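Undergrad: Sharing work.txt here; it has compact mmCIF, C-alpha atoms and all ligand atoms.
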```txt
# COMPACT_ATOMS: atom_id res chain seq x y z
CA MET I 53 121.31 37.18 95.51
CA SER I 54 122.30 39.19 98.58
CA LEU I 55 122.94 42.89 98.54
CA LEU I 56 124.74 42.70 101.88
CA GLU I 57 126.87 39.70 102.77
CA VAL I 58 128.49 39.55 106.19
CA ARG I 59 130.81 36.59 106.70
CA THR I 60 132.34 35.49 110.01
CA LEU I 61 132.63 39.05 111.24
CA VAL I 62 134.90 39.57 114.24
CA ALA I 63 134.96 42.97 115.97
CA GLY I 64 135.01 44.53 119.41
CA TYR I 65 136.16 47.33 121.63
CA GLY I 66 139.54 47.66 123.32
CA ASP I 67 141.03 44.22 123.83
CA ALA I 68 137.71 42.42 123.88
CA ASN I 69 136.05 40.78 120.90
CA ILE I 70 132.29 41.24 121.03
CA LEU I 71 131.48 39.64 117.66
CA ASN I 72 132.99 36.20 117.30
CA GLY I 73 132.13 35.31 113.72
CA VAL I 74 128.70 36.69 112.80
CA SER I 75 127.34 35.91 109.32
CA LEU I 76 124.20 37.26 107.70
CA ASP I 77 122.65 38.18 104.36
CA VAL I 78 120.23 40.90 103.31
CA ALA I 79 118.72 40.95 99.81
CA ALA I 80 117.47 44.11 98.09
CA GLY I 81 113.97 45.05 99.18
CA ARG I 82 114.04 42.71 102.18
CA ILE I 83 113.71 43.44 105.87
CA VAL I 84 116.12 41.42 107.97
CA THR I 85 116.09 41.75 111.75
CA LEU I 86 118.76 41.04 114.34
CA ILE I 87 117.41 40.07 117.72
CA GLY I 88 118.95 38.65 120.87
CA PRO I 89 119.50 39.51 124.52
CA ASN I 90 121.10 42.71 125.80
CA GLY I 91 124.79 42.74 125.08
CA ALA I 92 124.63 40.02 122.38
CA GLY I 93 126.35 42.39 119.96
CA LYS I 94 123.47 43.52 117.74
CA SER I 95 124.39 47.22 117.70
CA THR I 96 128.03 46.25 117.34
CA VAL I 97 127.19 44.46 114.06
CA LEU I 98 125.79 47.73 112.65
CA LYS I 99 128.82 49.70 113.86
CA ALA I 100 131.18 47.16 112.31
CA ILE I 101 129.33 47.23 108.96
CA THR I 102 129.59 51.03 108.87
CA GLY I 103 133.26 51.00 109.89
CA LEU I 104 132.61 52.94 113.11
CA ILE I 105 134.59 50.27 114.91
CA ASN I 106 137.46 48.26 113.53
CA ARG I 107 136.78 44.90 112.00
CA ARG I 108 139.24 42.28 113.14
CA GLY I 109 138.19 39.47 110.86
CA GLY I 110 135.64 38.37 108.30
CA THR I 111 134.28 40.27 105.33
CA VAL I 112 131.43 42.65 104.56
CA THR I 113 130.34 42.91 100.92
CA LEU I 114 127.78 45.39 99.55
CA ASP I 115 126.47 44.78 96.05
CA GLY I 116 129.64 42.86 95.16
CA LEU I 117 132.01 45.50 96.59
CA GLU I 118 134.02 44.49 99.63
CA ILE I 119 133.52 47.37 102.06
CA SER I 120 135.26 45.79 105.06
CA ALA I 121 138.44 47.79 104.58
CA LEU I 122 136.80 51.11 103.69
CA ALA I 123 136.38 54.19 105.90
CA THR I 124 132.91 55.14 107.12
CA GLU I 125 132.49 58.02 104.60
CA GLN I 126 133.30 55.63 101.76
CA ILE I 127 130.90 53.03 103.10
CA ILE I 128 128.11 55.63 103.26
CA ALA I 129 128.99 56.79 99.73
CA ALA I 130 128.80 53.15 98.58
CA GLY I 131 125.13 53.10 99.63
CA VAL I 132 124.80 52.39 103.34
CA GLY I 133 122.47 54.58 105.43
CA TYR I 134 122.78 54.27 109.21
CA VAL I 135 120.37 55.47 111.89
CA PRO I 136 121.89 54.99 115.34
CA GLN I 137 119.67 54.43 118.35
CA VAL I 138 120.51 57.71 120.08
CA ALA I 139 121.65 61.15 118.95
CA ASN I 140 120.24 60.55 115.47
CA VAL I 141 118.88 64.09 114.94
CA PHE I 142 120.19 67.58 115.71
CA PRO I 143 117.89 69.00 118.44
CA SER I 144 118.62 72.66 117.66
CA LEU I 145 118.06 72.40 113.90
CA THR I 146 114.66 72.63 112.24
CA VAL I 147 113.25 69.72 110.28
CA ALA I 148 113.88 71.64 107.04
CA GLU I 149 117.50 72.23 108.04
CA HIS I 150 117.99 68.49 108.49
CA PHE I 151 117.09 68.08 104.83
CA ALA I 152 119.40 70.91 103.77
CA ILE I 153 122.66 69.75 105.39
CA GLY I 154 125.15 67.28 104.00
CA GLY I 155 125.22 65.37 100.74
CA GLY I 156 124.97 66.64 97.19
CA GLY I 157 122.59 66.32 94.27
CA ASP I 158 119.15 67.84 93.94
CA ARG I 159 118.14 68.34 97.59
CA ALA I 160 114.66 69.65 96.76
CA GLU I 161 113.87 66.54 94.71
CA ALA I 162 115.34 64.27 97.41
CA ARG I 163 113.34 66.04 100.12
CA GLU I 164 110.08 65.58 98.20
CA ARG I 165 110.86 61.90 97.61
CA VAL I 166 111.62 61.32 101.30
CA LEU I 167 108.60 63.32 102.54
CA GLY I 168 106.53 60.89 100.47
CA TYR I 169 107.40 58.25 103.10
CA PHE I 170 106.88 60.61 106.04
CA PRO I 171 104.07 63.04 105.12
CA LEU I 172 103.61 63.74 108.81
CA LEU I 173 106.91 65.68 108.77
CA ARG I 174 105.70 68.13 106.14
CA PRO I 175 103.70 70.37 108.48
CA GLN I 176 106.62 70.28 110.93
CA LEU I 177 109.30 71.63 108.56
CA ARG I 178 109.85 74.84 110.54
CA LYS I 179 109.90 73.19 113.94
CA MET I 180 113.08 72.38 115.82
CA ALA I 181 113.81 68.68 116.14
CA SER I 182 113.83 69.08 119.94
CA VAL I 183 110.06 69.73 120.02
CA LEU I 184 109.11 66.72 117.88
CA SER I 185 107.56 63.63 119.44
CA GLY I 186 109.69 60.49 119.75
CA GLY I 187 108.03 58.93 116.71
CA GLU I 188 108.50 62.08 114.62
CA ARG I 189 112.16 62.25 115.63
CA GLN I 190 112.66 58.62 114.61
CA MET I 191 111.01 59.34 111.26
CA LEU I 192 113.20 62.43 110.76
CA ALA I 193 116.32 60.35 111.45
CA MET I 194 115.23 57.77 108.87
CA ALA I 195 114.30 60.52 106.41
CA ARG I 196 117.75 62.07 106.71
CA ALA I 197 119.42 58.73 106.00
CA LEU I 198 117.16 58.25 102.95
CA MET I 199 118.17 61.60 101.43
CA LEU I 200 121.33 59.93 100.06
CA ARG I 201 119.37 57.13 98.35
CA PRO I 202 121.02 54.26 100.24
CA LYS I 203 120.83 50.71 98.89
CA LEU I 204 120.88 49.45 102.46
CA LEU I 205 119.38 51.08 105.54
CA LEU I 206 120.70 50.07 108.98
CA LEU I 207 118.27 50.91 111.80
CA ASP I 208 119.23 50.50 115.43
CA GLU I 209 116.12 49.96 117.57
CA PRO I 210 113.76 52.36 115.82
CA SER I 211 110.97 51.39 118.24
CA ALA I 212 112.92 52.21 121.41
CA ALA I 213 110.89 54.33 123.84
CA LEU I 214 107.94 54.72 121.44
CA ALA I 215 104.28 54.16 122.37
CA PRO I 216 102.84 50.95 120.85
CA GLN I 217 100.59 52.73 118.34
CA ILE I 218 103.57 54.78 117.10
CA VAL I 219 105.73 51.65 116.81
CA GLN I 220 103.27 50.26 114.28
CA SER I 221 103.38 53.39 112.14
CA VAL I 222 107.22 53.43 112.21
CA PHE I 223 107.26 49.78 111.10
CA ASP I 224 104.70 50.53 108.38
CA ARG I 225 107.07 53.17 107.03
CA ILE I 226 110.00 50.72 107.15
CA ALA I 227 107.94 48.22 105.16
CA ALA I 228 107.13 50.92 102.56
CA ILE I 229 110.83 51.79 102.20
CA ALA I 230 111.72 48.13 101.64
CA ARG I 231 108.93 47.73 99.08
CA ASP I 232 110.71 50.38 97.00
CA GLY I 233 113.79 48.16 96.84
CA VAL I 234 115.88 49.37 99.79
CA ALA I 235 117.36 46.56 101.88
CA VAL I 236 116.76 47.06 105.61
CA LEU I 237 118.80 45.57 108.43
CA LEU I 238 117.02 46.22 111.68
CA VAL I 239 118.18 45.73 115.27
CA GLU I 240 115.21 45.29 117.57
CA GLN I 241 114.30 44.44 121.14
CA ASN I 242 110.63 44.58 120.25
CA VAL I 243 110.51 41.09 118.79
CA LYS I 244 106.72 40.94 118.63
CA ALA I 245 106.47 44.07 116.50
CA ALA I 246 109.54 43.48 114.33
CA LEU I 247 109.43 39.79 113.43
CA PRO I 248 106.01 39.78 111.74
CA ILE I 249 107.28 42.32 109.18
CA SER I 250 110.71 40.66 108.79
CA ASP I 251 111.45 38.55 105.72
CA TYR I 252 114.25 36.92 107.68
CA ALA I 253 115.74 37.23 111.14
CA TYR I 254 118.84 36.19 113.04
CA ALA I 255 119.11 35.75 116.79
CA LEU I 256 122.55 36.49 118.18
CA GLN I 257 123.94 35.12 121.40
CA VAL I 258 127.28 36.29 122.81
CA GLY I 259 128.43 37.60 119.45
CA ARG I 260 127.55 34.52 117.42
CA ASN I 261 124.69 33.35 115.22
CA ALA I 262 122.35 31.30 117.39
CA LEU I 263 119.08 30.91 115.45
CA GLU I 264 117.71 32.08 112.14
CA GLY I 265 114.59 31.80 110.02
CA THR I 266 111.81 33.84 108.53
CA GLY I 267 110.39 36.42 110.96
CA PRO I 268 107.25 34.40 111.79
CA GLU I 269 109.27 31.15 112.09
CA LEU I 270 111.66 32.67 114.59
CA LEU I 271 108.81 34.25 116.55
CA ASP I 272 107.34 30.76 117.03
CA ASP I 273 110.66 29.00 117.65
CA PRO I 274 110.60 27.57 121.19
CA ARG I 275 114.42 27.78 121.33
CA LEU I 276 114.22 31.59 121.22
CA HIS I 277 113.39 31.62 124.92
CA ASP I 278 116.65 29.83 125.69
CA VAL I 279 118.64 32.30 123.58
CA TYR I 280 117.23 35.16 125.65
CA LEU I 281 117.88 33.28 128.87
CA GLY I 282 121.47 32.62 127.79
CA VAL I 283 121.22 28.83 127.61
CA GLY I 284 121.21 27.02 124.30
CA GLY I 285 121.20 28.34 120.76
CA SER I 286 122.63 25.99 118.16
CA GLN I 287 125.45 28.45 117.32
CA LYS I 288 125.04 27.23 113.79
CA PRO I 289 126.74 29.54 111.27
CA SER I 290 124.43 30.91 108.59
CA PRO I 291 124.74 29.28 105.18
CA ALA I 292 126.96 31.07 102.64
N1 LIG B 1 131.86 51.80 123.09
C1 LIG B 1 131.99 50.65 123.76
N2 LIG B 1 133.13 50.36 124.45
C2 LIG B 1 133.26 49.19 125.10
N3 LIG B 1 132.33 48.22 125.12
C3 LIG B 1 131.19 48.45 124.46
C4 LIG B 1 130.96 49.67 123.74
N4 LIG B 1 129.73 49.59 123.17
C5 LIG B 1 129.22 48.38 123.52
N5 LIG B 1 130.10 47.70 124.30
C6 LIG B 1 129.89 46.35 124.85
O1 LIG B 1 129.70 45.45 123.77
C7 LIG B 1 128.73 44.46 124.12
C8 LIG B 1 127.70 44.38 123.03
O2 LIG B 1 127.00 45.62 122.97
P1 LIG B 1 125.89 45.91 121.88
O3 LIG B 1 125.41 47.31 122.14
O4 LIG B 1 126.36 45.56 120.54
O5 LIG B 1 124.79 44.87 122.33
P2 LIG B 1 123.31 44.74 121.84
O6 LIG B 1 123.10 43.31 121.49
O7 LIG B 1 123.00 45.77 120.82
O8 LIG B 1 122.52 44.98 123.18
P3 LIG B 1 121.54 46.14 123.61
O9 LIG B 1 120.22 45.68 123.17
O10 LIG B 1 121.67 46.15 125.10
O11 LIG B 1 122.00 47.41 122.96
C9 LIG B 1 128.20 44.85 125.48
O12 LIG B 1 128.84 44.03 126.44
C10 LIG B 1 128.61 46.29 125.64
O13 LIG B 1 128.84 46.57 127.00
```
Give the structure from this file in structure tokens form.
Ligand SMILES: Nc1ncnc2c1ncn2[C@@H]1O[C@H](COP(=O)(O)OP(=O)(O)OP(=O)(O)O)[C@@H](O)[C@H]1O
TA:
Amino acid sequence: MSLLEVRTLVAGYGDANILNGVSLDVAAGRIVTLIGPNGAGKSTVLKAITGLINRRGGTVTLDGLEISALATEQIIAAGVGYVPQVANVFPSLTVAEHFAIGGGGDRAEARERVLGYFPLLRPQLRKMASVLSGGERQMLAMARALMLRPKLLLLDEPSAALAPQIVQSVFDRIAAIARDGVAVLLVEQNVKAALPISDYAYALQVGRNALEGTGPELLDDPRLHDVYLGVGGSQKPSPA
């Protein structure tokens, strides 16, 4: 039973459609990764799910609720956390201030819960985000999204520009978050680091589903090369 169901999603910018009927599923507690060449539309899928760009066709359903027609604030309130690739923290705010802004509920309790995933942030609470390392900033961005207890976490290239040893610790944290029941939809260029921890993965090519399978299956799929080179891909829609 899927928590997130995306069906034949069509979306784009200006007059151009970038997504031409993307379908995917993410179940609670699973890590699902979107891969594919530059410009395939991976980040656009996340923006369309969150309502940051208009959807022109298809449906997006979260936990049985159709969110395709909702505004971004409503989609976030329905349980979607989104960490964009850039500008995902406030450089001139301290780490503690990131935990204090936005949202409602018991912030102290939420902060403790979230710091459980990212203990490395605890000694940094009084530091400005601008002085954190790349890995710490990525963890702070994820921590902020987790404050609202999302059912689904959308992560756009969390490994971008991180040293290899830091990439592993970021992915370890993502795996821990999923183990607690949060569904994770990840966009990644770093196929070798992301696919081994992915329960399932989809390769996109020019805004369409090209290949899919478990993370390890896709990593070993000889057709993946062709998808990245822009030749091939079965363009098979994912099963409903
Ligand atoms: N704000 C925008 N306005 C117009 N076109 C855009 C905008 N953002 C992205 N695009 C275009 O949409 C296409 C898909 O971009 P998207 O960022 O979704 O690709 P991607 O698969 O995530 O690739 P990358 O790994 O390079 O980020 C690209 O051709 C890009 O130039």
Undergrad: Find the residues near ligand LIG 1 (chain B). Use a cut-off of 9 Å, count all atoms listed in the file, and write them as a PyMOL selection string.
TA: chain I and resi 64-66+68-71+86-99+105+137+208-209+239-241+256-259
Undergrad: Restricting it to C-alpha atoms, dump the selection as an mmCIF file, in the frame of the given file.
TA:
```cif
data_model
loop_
_atom_site.group_PDB
_atom_site.id
_atom_site.type_symbol
_atom_site.label_atom_id
_atom_site.label_comp_id
_atom_site.auth_asym_id
_atom_site.auth_seq_id
_atom_site.Cartn_x
_atom_site.Cartn_y
_atom_site.Cartn_z
ATOM 1 C CA GLY I 64 135.010 44.530 119.410
ATOM 2 C CA TYR I 65 136.160 47.330 121.630
ATOM 3 C CA GLY I 66 139.540 47.660 123.320
ATOM 4 C CA ALA I 68 137.710 42.420 123.880
ATOM 5 C CA ASN I 69 136.050 40.780 120.900
ATOM 6 C CA ILE I 70 132.290 41.240 121.030
ATOM 7 C CA LEU I 71 131.480 39.640 117.660
ATOM 8 C CA LEU I 86 118.760 41.040 114.340
ATOM 9 C CA ILE I 87 117.410 40.070 117.720
ATOM 10 C CA GLY I 88 118.950 38.650 120.870
ATOM 11 C CA PRO I 89 119.500 39.510 124.520
ATOM 12 C CA ASN I 90 121.100 42.710 125.800
ATOM 13 C CA GLY I 91 124.790 42.740 125.080
ATOM 14 C CA ALA I 92 124.630 40.020 122.380
ATOM 15 C CA GLY I 93 126.350 42.390 119.960
ATOM 16 C CA LYS I 94 123.470 43.520 117.740
ATOM 17 C CA SER I 95 124.390 47.220 117.700
ATOM 18 C CA THR I 96 128.030 46.250 117.340
ATOM 19 C CA VAL I 97 127.190 44.460 114.060
ATOM 20 C CA LEU I 98 125.790 47.730 112.650
ATOM 21 C CA LYS I 99 128.820 49.700 113.860
ATOM 22 C CA ILE I 105 134.590 50.270 114.910
ATOM 23 C CA GLN I 137 119.670 54.430 118.350
ATOM 24 C CA ASP I 208 119.230 50.500 115.430
ATOM 25 C CA GLU I 209 116.120 49.960 117.570
ATOM 26 C CA VAL I 239 118.180 45.730 115.270
ATOM 27 C CA GLU I 240 115.210 45.290 117.570
ATOM 28 C CA GLN I 241 114.300 44.440 121.140
ATOM 29 C CA LEU I 256 122.550 36.490 118.180
ATOM 30 C CA GLN I 257 123.940 35.120 121.400
ATOM 31 C CA VAL I 258 127.280 36.290 122.810
ATOM 32 C CA GLY I 259 128.430 37.600 119.450
#
```
Undergrad: Work out how far apart CA of Leu172 (chain I) and CA of Ile153 (chain I) are and give it in Å to one decimal.
TA: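 About the pair CA of Leu172 (chain I) and CA of Ile153 (chain I): they are 20.3 Å apart.
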Undergrad: From the list I:Val78, I:Ala100, I:Leu247, I:Val62, which residue is nearest Leu114 (chain I) when using all atoms listed in the file?
TA: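 That would be I:Val78, the residue with the smallest distance to Leu114 (chain I).
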Undergrad: Using only C-alpha atoms, pick whichever of I:Asp232, I:Asn140, I:Gly157, I:Gln217 has the shortest atom-to-atom distance to Tyr169 (chain I).
TA: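 Closest to Tyr169 (chain I) of all the choices is I:Asp232.
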Undergrad: Kindly give the distance, in Å, that separates CA of Asp77 (chain I) and CA of Glu57 (chain I), rounded to a single decimal.
TA: 4.8 Å
Undergrad: Using the atoms already present, construct N, CA and C atoms for region 168-179 of chain I and hand them back as a tab-separated table (two decimals), keeping the file's coordinate frame.
TA:
```
chain	number	residue	atom	x	y	z
I	168	GLY	N	107.55	61.84	100.93
I	168	GLY	CA	106.53	60.89	100.47
I	168	GLY	C	106.38	59.72	101.46
I	169	TYR	N	107.47	59.31	102.09
I	169	TYR	CA	107.40	58.25	103.10
I	169	TYR	C	106.88	58.78	104.44
I	170	PHE	N	107.18	60.05	104.72
I	170	PHE	CA	106.88	60.61	106.04
I	170	PHE	C	106.08	61.91	105.91
I	171	PRO	N	104.85	61.82	105.37
I	171	PRO	CA	104.07	63.04	105.12
I	171	PRO	C	103.81	63.83	106.40
I	172	LEU	N	103.84	63.10	107.51
I	172	LEU	CA	103.61	63.74	108.81
I	172	LEU	C	104.69	64.78	109.17
I	173	LEU	N	105.85	64.70	108.49
I	173	LEU	CA	106.91	65.68	108.77
I	173	LEU	C	106.67	66.99	108.02
I	174	ARG	N	105.85	66.93	106.98
I	174	ARG	CA	105.70	68.13	106.14
I	174	ARG	C	105.20	69.36	106.92
I	175	PRO	N	104.14	69.19	107.74
I	175	PRO	CA	103.70	70.37	108.48
I	175	PRO	C	104.66	70.79	109.61
I	176	GLN	N	105.70	70.00	109.82
I	176	GLN	CA	106.62	70.28	110.93
I	176	GLN	C	107.93	70.91	110.44
I	177	LEU	N	108.01	71.25	109.15
I	177	LEU	CA	109.30	71.63	108.56
I	177	LEU	C	110.00	72.76	109.31
I	178	ARG	N	109.21	73.68	109.88
I	178	ARG	CA	109.85	74.84	110.54
I	178	ARG	C	110.09	74.62	112.02
I	179	LYS	N	109.71	73.46	112.51
I	179	LYS	CA	109.90	73.19	113.94
I	179	LYS	C	111.30	72.66	114.21
```
